[in-house]
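Student: So here's input-v1.csv (CSV, C-alpha atoms).
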```csv
chain,number,residue,atom,x,y,z
H,1,MET,CA,18.1,-33.1,8.1
H,2,ALA,CA,18.7,-30.4,10.7
H,3,ILE,CA,21.2,-27.6,10.0
H,4,SER,CA,23.5,-26.3,12.7
H,5,ARG,CA,21.8,-24.5,15.6
H,6,LYS,CA,24.1,-21.5,15.2
H,7,ILE,CA,23.2,-21.0,11.5
H,8,GLU,CA,19.5,-21.6,12.3
H,9,GLY,CA,19.8,-18.8,14.8
H,10,TYR,CA,21.6,-16.6,12.3
H,11,LEU,CA,18.8,-17.1,9.8
H,12,SER,CA,16.5,-15.2,12.2
H,13,GLN,CA,19.1,-12.4,12.4
H,14,SER,CA,19.9,-12.3,8.7
H,15,SER,CA,20.6,-9.1,7.0
H,16,TRP,CA,17.8,-6.5,6.8
H,17,ILE,CA,19.4,-5.5,3.5
H,18,ARG,CA,18.6,-8.8,1.9
H,19,LYS,CA,15.2,-8.9,3.5
H,20,MET,CA,14.2,-5.6,2.0
H,21,PHE,CA,15.8,-6.5,-1.3
H,22,GLU,CA,13.7,-9.6,-1.5
H,23,ALA,CA,10.6,-7.7,-0.4
H,24,GLY,CA,11.3,-5.4,-3.3
H,25,ILE,CA,11.3,-8.3,-5.8
H,26,ALA,CA,7.8,-9.3,-4.6
H,27,LEU,CA,6.5,-5.7,-4.8
H,28,LYS,CA,7.9,-5.2,-8.3
H,29,GLN,CA,6.2,-8.4,-9.4
H,30,LYS,CA,2.9,-7.2,-8.0
H,31,HIS,CA,3.0,-3.5,-8.9
H,32,GLY,CA,5.5,-3.3,-11.7
H,33,ALA,CA,9.2,-2.3,-11.4
H,34,ASP,CA,8.6,1.3,-12.4
H,35,LYS,CA,6.2,1.8,-9.5
H,36,VAL,CA,8.6,0.5,-6.8
H,37,PHE,CA,11.4,2.7,-5.4
H,38,ASP,CA,14.1,0.4,-4.2
H,39,PHE,CA,16.9,1.9,-2.1
H,40,SER,CA,17.8,-1.2,-0.2
H,41,LEU,CA,20.9,-2.6,-1.8
H,42,GLY,CA,24.2,-0.8,-2.5
H,43,ASN,CA,24.4,-2.1,-6.0
H,44,PRO,CA,26.2,0.5,-8.2
H,45,ASN,CA,24.1,1.7,-11.1
H,46,ILE,CA,26.9,3.6,-12.8
H,47,ASP,CA,28.5,1.5,-15.6
H,48,PRO,CA,32.1,0.5,-15.3
H,49,PRO,CA,34.6,2.8,-17.0
H,50,ARG,CA,35.0,2.2,-20.7
H,51,ARG,CA,38.6,1.0,-20.2
H,52,PHE,CA,37.3,-1.9,-18.2
H,53,GLU,CA,35.1,-3.1,-21.0
H,54,ASP,CA,37.9,-2.7,-23.5
H,55,LEU,CA,40.3,-4.7,-21.3
H,56,LEU,CA,37.6,-7.3,-20.7
H,57,LYS,CA,37.3,-7.8,-24.5
H,58,ASP,CA,41.1,-8.0,-24.9
H,59,ALA,CA,41.3,-10.6,-22.1
H,60,ALA,CA,38.5,-12.7,-23.6
H,61,ALA,CA,40.2,-12.7,-27.0
H,62,ASP,CA,43.6,-13.8,-25.5
H,63,HIS,CA,44.2,-17.4,-26.4
H,64,SER,CA,47.6,-17.8,-24.7
H,65,ARG,CA,48.2,-21.1,-23.0
H,66,GLY,CA,47.8,-21.4,-19.3
H,67,LEU,CA,45.7,-18.2,-18.8
H,68,HIS,CA,43.0,-20.1,-16.9
H,69,GLY,CA,45.2,-22.4,-14.8
H,70,TYR,CA,46.2,-22.3,-11.2
H,71,MET,CA,48.5,-19.5,-10.0
H,72,PRO,CA,50.2,-18.6,-6.7
H,73,ASN,CA,47.6,-18.4,-4.0
H,74,ALA,CA,48.4,-14.7,-3.4
H,75,GLY,CA,47.7,-13.9,-7.0
H,76,TYR,CA,49.6,-13.0,-10.1
H,77,PRO,CA,53.0,-11.4,-9.3
H,78,GLU,CA,52.5,-8.7,-12.0
H,79,THR,CA,49.0,-7.8,-10.5
H,80,ARG,CA,50.3,-7.5,-7.0
H,81,LYS,CA,53.3,-5.4,-8.2
H,82,ALA,CA,50.9,-3.0,-10.0
H,83,VAL,CA,48.7,-2.7,-6.9
H,84,ALA,CA,51.8,-2.2,-4.6
H,85,GLU,CA,53.2,0.5,-6.9
H,86,TYR,CA,49.9,2.4,-6.9
H,87,LEU,CA,49.4,2.1,-3.1
H,88,SER,CA,53.0,3.2,-2.5
H,89,LYS,CA,52.2,6.6,-4.1
H,90,GLN,CA,48.8,6.9,-2.6
H,91,HIS,CA,49.9,6.2,1.0
H,92,ASP,CA,53.5,7.6,0.8
H,93,LEU,CA,54.9,4.2,2.0
H,94,THR,CA,57.0,1.7,0.1
H,95,LEU,CA,55.1,-1.4,-0.6
H,96,ALA,CA,56.2,-4.4,-2.7
H,97,ALA,CA,54.3,-7.2,-4.4
H,98,ASP,CA,54.8,-9.5,-1.4
H,99,HIS,CA,52.7,-7.1,0.7
H,100,ILE,CA,49.6,-7.6,-1.5
H,101,ILE,CA,47.3,-10.7,-1.5
H,102,MET,CA,44.6,-10.7,-4.2
H,103,THR,CA,41.3,-11.9,-2.8
H,104,CYS,CA,37.7,-12.6,-3.7
H,105,GLY,CA,36.4,-9.1,-2.9
H,106,ALA,CA,36.6,-7.2,0.4
H,107,GLY,CA,34.5,-9.8,2.1
H,108,GLY,CA,37.1,-12.5,1.2
H,109,ALA,CA,39.9,-10.1,2.3
H,110,LEU,CA,38.3,-9.6,5.7
H,111,ASN,CA,37.7,-13.3,6.3
H,112,VAL,CA,41.3,-14.1,5.3
H,113,ILE,CA,42.7,-11.5,7.8
H,114,LEU,CA,40.4,-12.7,10.6
H,115,LYS,CA,41.3,-16.3,10.0
H,116,THR,CA,44.9,-15.4,10.1
H,117,ILE,CA,45.0,-13.3,13.4
H,118,LEU,CA,42.2,-14.7,15.6
H,119,GLU,CA,42.4,-17.2,18.4
H,120,GLN,CA,39.2,-18.6,19.9
H,121,GLY,CA,37.6,-15.8,22.1
H,122,ASP,CA,39.7,-13.0,20.7
H,123,GLU,CA,37.8,-9.7,20.5
H,124,VAL,CA,37.5,-7.3,17.6
H,125,ILE,CA,36.2,-3.8,18.3
H,126,ILE,CA,33.8,-2.3,15.7
H,127,PRO,CA,32.6,1.3,15.8
H,128,THR,CA,28.8,1.5,15.2
H,129,PRO,CA,26.9,1.9,13.0
H,130,TYR,CA,28.6,-0.9,11.1
H,131,PHE,CA,28.3,-3.1,8.0
H,132,VAL,CA,26.0,-5.9,9.2
H,133,GLU,CA,28.2,-8.9,8.0
H,134,TYR,CA,31.1,-8.0,10.3
H,135,ARG,CA,29.7,-9.9,13.2
H,136,PHE,CA,29.3,-13.0,11.2
H,137,TYR,CA,32.8,-12.7,9.7
H,138,ILE,CA,34.3,-12.4,13.1
H,139,ASP,CA,32.3,-15.3,14.5
H,140,ASN,CA,33.4,-17.4,11.5
H,141,HIS,CA,36.9,-17.5,13.0
H,142,GLY,CA,36.1,-17.9,16.7
H,143,GLY,CA,36.2,-14.2,17.5
H,144,CYS,CA,33.9,-12.0,19.5
H,145,PRO,CA,32.6,-8.7,18.1
H,146,VAL,CA,32.6,-5.8,20.5
H,147,LEU,CA,30.5,-2.8,19.5
H,148,ALA,CA,31.8,0.7,20.2
H,149,PRO,CA,29.4,3.6,20.1
H,150,THR,CA,30.3,6.7,18.0
H,151,LYS,CA,29.6,10.3,18.6
H,152,ASP,CA,26.3,12.0,17.6
H,153,ASP,CA,27.7,12.8,14.2
H,154,PHE,CA,29.0,9.2,13.9
H,155,SER,CA,32.7,10.2,14.2
H,156,LEU,CA,35.0,8.0,16.2
H,157,ASP,CA,34.6,8.1,20.0
H,158,ILE,CA,38.2,7.3,21.1
H,159,GLU,CA,37.3,7.3,24.8
H,160,ALA,CA,34.5,4.7,24.2
H,161,ILE,CA,37.0,2.5,22.3
H,162,GLU,CA,39.6,2.8,25.1
H,163,LYS,CA,37.0,1.5,27.7
H,164,LEU,CA,36.4,-1.6,25.6
H,165,ILE,CA,40.0,-2.7,25.1
H,166,THR,CA,41.0,-5.7,27.1
H,167,ARG,CA,43.7,-8.3,27.0
H,168,ARG,CA,41.6,-10.3,24.6
H,169,THR,CA,41.4,-7.4,22.1
H,170,LYS,CA,43.1,-8.5,18.9
H,171,ALA,CA,42.0,-5.8,16.4
H,172,VAL,CA,39.9,-2.7,15.7
H,173,LEU,CA,38.0,-2.8,12.5
H,174,ILE,CA,37.0,0.5,10.9
H,175,ASN,CA,35.2,1.3,7.7
H,176,SER,CA,35.8,4.7,6.1
H,177,PRO,CA,34.0,6.0,4.2
H,178,ASN,CA,31.5,4.3,6.3
H,179,ASN,CA,28.6,2.0,5.3
H,180,PRO,CA,25.9,3.0,6.3
H,181,THR,CA,26.6,6.6,7.5
H,182,GLY,CA,28.8,7.9,4.7
H,183,VAL,CA,31.1,9.4,7.3
H,184,VAL,CA,34.9,9.7,6.7
H,185,TYR,CA,37.0,9.4,9.8
H,186,ASP,CA,39.3,12.4,9.7
H,187,ARG,CA,43.0,12.6,10.3
H,188,MET,CA,42.7,13.8,13.9
H,189,SER,CA,40.5,10.9,14.8
H,190,ILE,CA,42.8,8.4,13.1
H,191,ASP,CA,45.9,9.9,14.9
H,192,LYS,CA,44.1,9.7,18.3
H,193,LEU,CA,43.0,6.1,17.6
H,194,THR,CA,46.5,5.0,16.5
H,195,ALA,CA,48.1,6.7,19.5
H,196,LEU,CA,45.7,4.8,21.7
H,197,LEU,CA,46.4,1.5,20.0
H,198,ASN,CA,50.2,2.0,20.4
H,199,ASP,CA,49.8,2.7,24.1
H,200,LYS,CA,47.4,-0.2,24.7
H,201,SER,CA,49.5,-2.7,22.7
H,202,ALA,CA,52.5,-1.9,24.9
H,203,GLU,CA,50.3,-2.2,28.1
H,204,ILE,CA,48.8,-5.5,27.3
H,205,GLY,CA,51.9,-7.0,25.8
H,206,HIS,CA,50.7,-7.8,22.2
H,207,SER,CA,50.0,-5.9,19.0
H,208,ILE,CA,46.4,-4.7,18.4
H,209,TYR,CA,45.9,-4.7,14.7
H,210,LEU,CA,44.1,-1.9,12.9
H,211,MET,CA,42.0,-3.2,10.0
H,212,SER,CA,40.5,-0.8,7.5
H,213,ASP,CA,37.7,-1.9,5.2
H,214,GLU,CA,38.0,0.5,2.3
H,215,PRO,CA,35.8,-0.4,-0.8
H,216,TYR,CA,34.4,3.2,-0.8
H,217,ARG,CA,37.8,5.0,-0.5
H,218,ASP,CA,37.6,6.6,-3.9
H,219,ILE,CA,33.9,7.7,-3.6
H,220,VAL,CA,34.2,10.9,-1.6
H,221,TYR,CA,32.8,14.4,-2.1
H,222,ASP,CA,33.5,18.1,-1.5
H,223,GLY,CA,37.3,17.8,-1.6
H,224,ILE,CA,37.4,15.4,1.4
H,225,ARG,CA,40.3,12.9,1.5
H,226,VAL,CA,40.5,9.6,3.4
H,227,PRO,CA,43.5,9.5,5.8
H,228,SER,CA,45.9,6.6,5.3
H,229,ILE,CA,46.0,4.1,8.1
H,230,LEU,CA,49.1,2.5,6.5
H,231,ALA,CA,51.0,5.8,7.0
H,232,ALA,CA,49.5,6.3,10.5
H,233,TYR,CA,49.9,2.9,12.2
H,234,GLN,CA,52.6,0.2,11.9
H,235,ASN,CA,50.4,-2.8,12.5
H,236,SER,CA,47.7,-2.1,10.0
H,237,LEU,CA,46.0,-3.9,7.1
H,238,ILE,CA,43.7,-2.8,4.4
H,239,ALA,CA,40.9,-4.9,3.0
H,240,THR,CA,39.3,-3.6,-0.1
H,241,SER,CA,37.8,-4.4,-3.5
H,242,TYR,CA,37.1,-2.9,-6.9
H,243,SER,CA,33.3,-3.4,-6.5
H,244,LYS,CA,32.5,0.2,-6.0
H,245,ASN,CA,35.2,2.3,-7.6
H,246,LEU,CA,34.9,0.3,-10.8
H,247,SER,CA,31.2,-0.8,-10.4
H,248,ILE,CA,32.0,-4.5,-10.7
H,249,PRO,CA,30.7,-6.1,-7.4
H,250,GLY,CA,29.7,-9.3,-9.1
H,251,GLU,CA,33.2,-10.0,-10.2
H,252,ARG,CA,34.5,-10.5,-6.6
H,253,ILE,CA,37.9,-9.0,-7.0
H,254,GLY,CA,39.9,-7.3,-4.2
H,255,TYR,CA,43.0,-7.5,-2.0
H,256,VAL,CA,44.6,-7.3,1.3
H,257,ALA,CA,47.4,-4.8,1.7
H,258,VAL,CA,49.8,-5.4,4.7
H,259,ASN,CA,51.8,-2.5,6.2
H,260,SER,CA,55.4,-3.0,5.1
H,261,ARG,CA,56.5,-1.9,8.6
H,262,MET,CA,54.4,-4.5,10.5
H,263,THR,CA,56.0,-6.5,13.3
H,264,GLY,CA,56.4,-10.1,12.2
H,265,ILE,CA,55.4,-9.3,8.7
H,266,ASP,CA,56.8,-12.5,7.1
H,267,THR,CA,54.7,-14.6,9.4
H,268,MET,CA,51.6,-12.5,8.7
H,269,ILE,CA,52.0,-12.7,4.9
H,270,GLY,CA,52.6,-16.4,5.1
H,271,GLY,CA,49.4,-16.8,7.2
H,272,LEU,CA,47.3,-14.7,4.9
H,273,VAL,CA,48.4,-16.6,1.8
H,274,LEU,CA,47.7,-19.9,3.6
H,275,CYS,CA,44.3,-18.8,4.7
H,276,ASN,CA,43.4,-17.6,1.3
H,277,ARG,CA,43.8,-21.2,0.2
H,278,ILE,CA,42.4,-23.1,3.1
H,279,LEU,CA,39.2,-21.0,3.3
H,280,GLY,CA,38.4,-22.3,-0.2
H,281,PHE,CA,39.0,-19.1,-2.1
H,282,VAL,CA,42.3,-20.6,-3.4
H,283,ASN,CA,43.0,-17.5,-5.5
H,284,ALA,CA,41.2,-14.4,-6.8
H,285,PRO,CA,39.6,-14.7,-10.3
H,286,ALA,CA,42.3,-14.9,-12.9
H,287,MET,CA,40.7,-12.8,-15.6
H,288,MET,CA,39.8,-10.0,-13.2
H,289,GLN,CA,43.4,-9.9,-11.8
H,290,ARG,CA,44.7,-9.4,-15.3
H,291,ILE,CA,42.3,-6.5,-15.9
H,292,VAL,CA,42.6,-4.6,-12.6
H,293,ALA,CA,46.4,-4.8,-12.9
H,294,ARG,CA,46.0,-2.3,-15.8
H,295,MET,CA,43.4,-0.1,-14.1
H,296,GLN,CA,45.1,1.2,-11.0
H,297,GLY,CA,43.8,4.7,-10.2
H,298,VAL,CA,40.9,4.4,-12.6
H,299,VAL,CA,37.5,5.3,-10.9
H,300,VAL,CA,33.9,5.7,-12.1
H,301,ASP,CA,32.5,9.2,-12.4
H,302,VAL,CA,32.0,10.1,-8.7
H,303,GLU,CA,30.4,13.4,-9.7
H,304,GLN,CA,27.3,11.4,-10.7
H,305,TYR,CA,27.0,10.0,-7.2
H,306,ARG,CA,27.5,13.5,-5.7
H,307,LYS,CA,24.6,14.8,-7.8
H,308,LYS,CA,22.4,12.0,-6.7
H,309,ARG,CA,23.4,12.7,-3.0
H,310,ASP,CA,22.5,16.4,-3.4
H,311,LEU,CA,19.2,15.6,-5.2
H,312,PHE,CA,18.1,13.3,-2.5
H,313,CYS,CA,19.2,15.5,0.4
H,314,GLU,CA,17.5,18.6,-1.1
H,315,GLY,CA,14.3,16.6,-1.7
H,316,LEU,CA,14.1,15.2,1.8
H,317,ALA,CA,15.0,18.6,3.4
H,318,GLU,CA,12.2,20.3,1.6
H,319,ILE,CA,9.8,17.7,3.0
H,320,GLY,CA,11.0,18.4,6.6
H,321,TYR,CA,13.5,15.5,7.2
H,322,LYS,CA,16.6,16.4,9.3
H,323,VAL,CA,19.3,15.7,6.7
H,324,ARG,CA,23.0,15.2,7.2
H,325,LYS,CA,25.0,15.0,4.0
H,326,PRO,CA,27.3,12.0,3.7
H,327,GLN,CA,30.9,12.7,3.0
H,328,GLY,CA,31.5,9.5,1.0
H,329,ALA,CA,30.1,6.2,-0.2
H,330,PHE,CA,26.5,6.3,-1.7
H,331,TYR,CA,24.2,6.0,1.4
H,332,LEU,CA,22.2,8.4,3.4
H,333,PHE,CA,21.8,7.3,7.0
H,334,GLN,CA,18.7,9.3,7.6
H,335,LYS,CA,17.1,10.0,10.9
H,336,THR,CA,13.5,8.7,10.9
H,337,PRO,CA,10.6,11.0,12.0
H,338,ILE,CA,9.7,8.5,14.7
H,339,ASP,CA,12.1,6.6,17.0
H,340,ASP,CA,10.9,3.3,15.8
H,341,ASP,CA,12.9,2.9,12.6
H,342,VAL,CA,11.5,-0.5,11.8
H,343,LYS,CA,7.9,0.9,11.9
H,344,PHE,CA,8.8,3.9,9.8
H,345,VAL,CA,10.4,1.6,7.2
H,346,SER,CA,7.2,-0.4,7.1
H,347,ILE,CA,5.2,2.8,6.5
H,348,LEU,CA,7.5,3.7,3.6
H,349,GLN,CA,6.9,0.2,2.2
H,350,LYS,CA,3.2,0.9,2.0
H,351,HIS,CA,4.2,3.7,-0.3
H,352,LEU,CA,6.3,1.3,-2.3
H,353,ILE,CA,9.6,2.7,-1.0
H,354,LEU,CA,12.2,0.3,0.2
H,355,THR,CA,14.9,1.4,2.7
H,356,VAL,CA,16.7,-0.5,5.5
H,357,PRO,CA,16.1,0.0,9.2
H,358,GLY,CA,19.1,1.5,11.0
H,359,SER,CA,18.7,-1.0,13.8
H,360,GLY,CA,20.2,-3.6,11.5
H,361,PHE,CA,23.4,-1.6,11.4
H,362,GLY,CA,23.5,-0.8,15.1
H,363,GLY,CA,22.0,2.6,14.6
H,364,PRO,CA,18.3,2.6,15.7
H,365,GLY,CA,16.2,5.6,14.9
H,366,HIS,CA,17.7,5.8,11.4
H,367,MET,CA,17.2,4.2,8.0
H,368,ARG,CA,19.8,3.5,5.3
H,369,ILE,CA,19.0,4.8,1.8
H,370,ALA,CA,21.2,3.6,-1.0
H,371,TYR,CA,21.1,6.3,-3.6
H,372,CYS,CA,23.1,4.5,-6.3
H,373,VAL,CA,19.9,4.5,-8.5
H,374,ASP,CA,18.6,6.4,-11.5
H,375,ASP,CA,17.8,10.1,-10.8
H,376,ASP,CA,14.3,9.5,-11.9
H,377,THR,CA,13.8,7.0,-9.1
H,378,ILE,CA,14.9,9.5,-6.6
H,379,VAL,CA,12.6,12.3,-7.9
H,380,LYS,CA,9.5,10.1,-8.2
H,381,SER,CA,10.0,8.6,-4.7
H,382,MET,CA,9.6,12.0,-3.0
H,383,LYS,CA,5.8,11.8,-3.0
H,384,GLY,CA,6.0,8.6,-1.0
H,385,PHE,CA,8.6,10.0,1.4
H,386,GLU,CA,6.4,13.1,2.0
H,387,ALA,CA,3.3,11.0,2.5
H,388,ALA,CA,5.0,8.8,5.1
H,389,PHE,CA,6.5,11.9,6.8
H,390,LYS,CA,3.0,13.5,7.1
H,391,GLU,CA,1.5,10.2,8.3
H,392,CYS,CA,3.9,10.2,11.2
H,393,ARG,CA,3.5,13.8,12.0
H,394,SER,CA,-0.3,13.6,12.1
```
Represent the structure of the file as structure tokens.
Tutor:
Amino acid sequence: MAISRKIEGYLSQSSWIRKMFEAGIALKQKHGADKVFDFSLGNPNIDPPRRFEDLLKDAAADHSRGLHGYMPNAGYPETRKAVAEYLSKQHDLTLAADHIIMTCGAGGALNVILKTILEQGDEVIIPTPYFVEYRFYIDNHGGCPVLAPTKDDFSLDIEAIEKLITRRTKAVLINSPNNPTGVVYDRMSIDKLTALLNDKSAEIGHSIYLMSDEPYRDIVYDGIRVPSILAAYQNSLIATSYSKNLSIPGERIGYVAVNSRMTGIDTMIGGLVLCNRILGFVNAPAMMQRIVARMQGVVVDVEQYRKKRDLFCEGLAEIGYKVRKPQGAFYLFQKTPIDDDVKFVSILQKHLILTVPGSGFGGPGHMRIAYCVDDDTIVKSMKGFEAAFKECRS
């Protein structure tokens, strides 16, 4: 039986991240896991905070009736209230429980938003490099992704975004700290972007939404802070998860936060709640909701990631790579010694090192290195990085 032609086509375009991850499994089976240096997947290697484990035990031991039954599709009121209270302080904006919809991770949150706002053929502008699944998420709901180049340092190019806005533009989707570059879009860039969106919304006669995908918001370094889009722009929404700040990606727990000043907010919230249900998520996992309600503001030890970042950057710089330190997340978007990033990644693979070609993120000539691994893996991989570098130079 044939599958849909669209999905068959997508199979050939499927994520480089997963391809390299699966290649890693085969290499580990052949050479042994300790001989393969896998930097392909952004899978946190820092354990969740101890408080998470304690609360998980408490939740498992609770035998109260109805704990595992259906709930409001937006999530438990007490969980949404706890999230809203925390965000109100973080963003200096008054949010209530009704402004929060609990979701199955950030991916679920983004799909719920896109299902709610998009008409067939509507356009969503995405700065590049970008998380590879965005194109598929937008297509899921009849939209068209429009890729906007960024500057040489991967900061926002507001003029490039302005040239791409049309009457079909429904939203701009940003991701800061960015996967794959680790760049944090600064306050000046956000202010320029929101001023542009205000002007263009008035010009074309409908609101252009600003969506911010923020699972790495709490993983930042060197005193950098992530500007609040909720404070900056009226028609904004945040999609996020606890996957990275609590190291629980497999638990699939996140939320949508709607700006309390949004035009037509009641209709928006009603649409989001409906779409959470009809997309088949129904509601976010019950036990995880009960736990994260009591973990607002708790974050893994980010200092461990900073040390890994510095260890990797120093090692590559000593070899001769041109290194730019990421400001957040746990990825290096490293320029490859040759222009053909796919070829260089294949050279690294010969040395049992797995990275992801930047072309898969819309950033050719680079590779993404996920450094959320043991320090020993980073140190031992340097011989292979050096051998590949010398091979290209010779």
Student: Work out how far apart CA of Ala388 (chain H) and CA of Lys350 (chain H) are and give it in Å to one decimal.
Tutor: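 About the pair CA of Ala388 (chain H) and CA of Lys350 (chain H): they are 8.7 Å apart.
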Student: Could you work out how far CA of Pro177 (chain H) lies from CA of Thr194 (chain H), giving the answer in Å with one decimal?
Tutor: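 Result for CA of Thr194 (chain H) versus CA of Pro177 (chain H): 17.6 Å, one decimal.
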Student: At most 12 Å is the cut-off: for each residue in region 295-376 of chain H with any atom that close to an atom of region 84-103 of chain H, write down the nearest atom pair and the distance in Å rounded to one decimal, counting only C-alpha atoms, chain first then increasing number, as a Markdown table.
Tutor:
```
| residue | atom | partner | partner_atom | distance |
| --- | --- | --- | --- | --- |
| H:Met295 | CA | H:Tyr86 | CA | 10.0 |
| H:Gln296 | CA | H:Tyr86 | CA | 6.4 |
| H:Gly297 | CA | H:Tyr86 | CA | 7.3 |
| H:Val298 | CA | H:Tyr86 | CA | 10.8 |
```
Student: So which residues touch Glu22 (chain H) within 12 Å, counting only C-alpha atoms, skipping near sequence neighbours fewer than 5 positions away, as a ChimeraX atom specification?
Tutor: /H:15-17,27-29,38-41,354-356
Student: Let's have the selection written as a PDB file, in the coordinates of the input, with C-alpha atoms.
Tutor:
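In the end it all went to selection_6.pdb:
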```pdb
ATOM      1  CA  SER H  15      20.600  -9.100   7.000  1.00  0.00           C
ATOM      2  CA  TRP H  16      17.800  -6.500   6.800  1.00  0.00           C
ATOM      3  CA  ILE H  17      19.400  -5.500   3.500  1.00  0.00           C
ATOM      4  CA  LEU H  27       6.500  -5.700  -4.800  1.00  0.00           C
ATOM      5  CA  LYS H  28       7.900  -5.200  -8.300  1.00  0.00           C
ATOM      6  CA  GLN H  29       6.200  -8.400  -9.400  1.00  0.00           C
ATOM      7  CA  ASP H  38      14.100   0.400  -4.200  1.00  0.00           C
ATOM      8  CA  PHE H  39      16.900   1.900  -2.100  1.00  0.00           C
ATOM      9  CA  SER H  40      17.800  -1.200  -0.200  1.00  0.00           C
ATOM     10  CA  LEU H  41      20.900  -2.600  -1.800  1.00  0.00           C
ATOM     11  CA  LEU H 354      12.200   0.300   0.200  1.00  0.00           C
ATOM     12  CA  THR H 355      14.900   1.400   2.700  1.00  0.00           C
ATOM     13  CA  VAL H 356      16.700  -0.500   5.500  1.00  0.00           C
TER      14      VAL H 356
END
```
Student: So, counting all atoms listed in the file, which residue among H:Tyr134, H:Tyr255, H:Tyr185, H:Phe21 is closest to Cys104 (chain H)?
Tutor: H:Tyr255
Student: Which residues, written as an mmCIF file with C-alpha atoms, keeping the file's coordinate frame, have at least one atom at most 9 Å from region 261-275 of chain H, with all atoms listed in the file counted and residues fewer than 3 positions away on the same chain left out?
Tutor:
```
data_model
loop_
_atom_site.group_PDB
_atom_site.id
_atom_site.type_symbol
_atom_site.label_atom_id
_atom_site.label_comp_id
_atom_site.auth_asym_id
_atom_site.auth_seq_id
_atom_site.Cartn_x
_atom_site.Cartn_y
_atom_site.Cartn_z
ATOM 1 C CA PRO H 72 50.200 -18.600 -6.700
ATOM 2 C CA ASN H 73 47.600 -18.400 -4.000
ATOM 3 C CA ALA H 74 48.400 -14.700 -3.400
ATOM 4 C CA ASP H 98 54.800 -9.500 -1.400
ATOM 5 C CA HIS H 99 52.700 -7.100 0.700
ATOM 6 C CA ILE H 100 49.600 -7.600 -1.500
ATOM 7 C CA ILE H 101 47.300 -10.700 -1.500
ATOM 8 C CA ASN H 111 37.700 -13.300 6.300
ATOM 9 C CA VAL H 112 41.300 -14.100 5.300
ATOM 10 C CA ILE H 113 42.700 -11.500 7.800
ATOM 11 C CA LYS H 115 41.300 -16.300 10.000
ATOM 12 C CA THR H 116 44.900 -15.400 10.100
ATOM 13 C CA ILE H 117 45.000 -13.300 13.400
ATOM 14 C CA SER H 207 50.000 -5.900 19.000
ATOM 15 C CA LEU H 230 49.100 2.500 6.500
ATOM 16 C CA TYR H 233 49.900 2.900 12.200
ATOM 17 C CA GLN H 234 52.600 0.200 11.900
ATOM 18 C CA ASN H 235 50.400 -2.800 12.500
ATOM 19 C CA SER H 236 47.700 -2.100 10.000
ATOM 20 C CA VAL H 256 44.600 -7.300 1.300
ATOM 21 C CA VAL H 258 49.800 -5.400 4.700
ATOM 22 C CA ILE H 278 42.400 -23.100 3.100
ATOM 23 C CA LEU H 279 39.200 -21.000 3.300
ATOM 24 C CA GLY H 280 38.400 -22.300 -0.200
ATOM 25 C CA PHE H 281 39.000 -19.100 -2.100
ATOM 26 C CA VAL H 282 42.300 -20.600 -3.400
#
```
Student: Can you tell me, as a list in words, what residues are no more than 7 Å from region 122-124 of chain H when counting only C-alpha atoms, ignoring any on the same chain fewer than 5 positions away?
Tutor: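 The residues satisfying every condition are Gly143, Cys144, Pro145, Val146, Arg168, Thr169, Lys170, Ala171, Val172 and Leu173 of chain H.
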Student: Compare H:Tyr321, H:Gly205, H:Met382, H:Gly363 by their minimum atom-to-atom distance to Thr128 (chain H), counting all atoms listed in the file, and give me the closest one.
Tutor: H:Gly363
Student: Can you pull out every residue within 9 Å of Asp191 (chain H), counting all atoms listed in the file, but drop anything in the same chain fewer than 3 positions away, and send it as a PyMOL selection string?
Tutor: chain H and resi 186-188+194-196+229+232-233
Student: Restricting the calculation to all atoms listed in the file, which member of H:Pro149, H:Asp376, H:Lys200, H:Tyr331 is positioned closest to Thr166 (chain H)?
Tutor: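 Answer, going by the shortest atom-to-atom distance: H:Lys200.
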Student: Between CA of Ala148 (chain H) and CA of Gly108 (chain H), measure the distance and give it in Å to one decimal.
Tutor: 23.7 Å
Student: With all atoms listed in the file as the atoms that count, which of H:Asn178, H:Gln289, H:Asn259, H:Ser189 lies nearest to Glu78 (chain H)?
Tutor: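 Smallest distance to Glu78 (chain H) is found for H:Gln289.
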Student: Pick from H:Leu237, H:Ile165, H:Ala293, H:Cys313: nearest to Met211 (chain H), with only C-alpha atoms counted?
Tutor: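 So, comparing all the options, the nearest one is H:Leu237.
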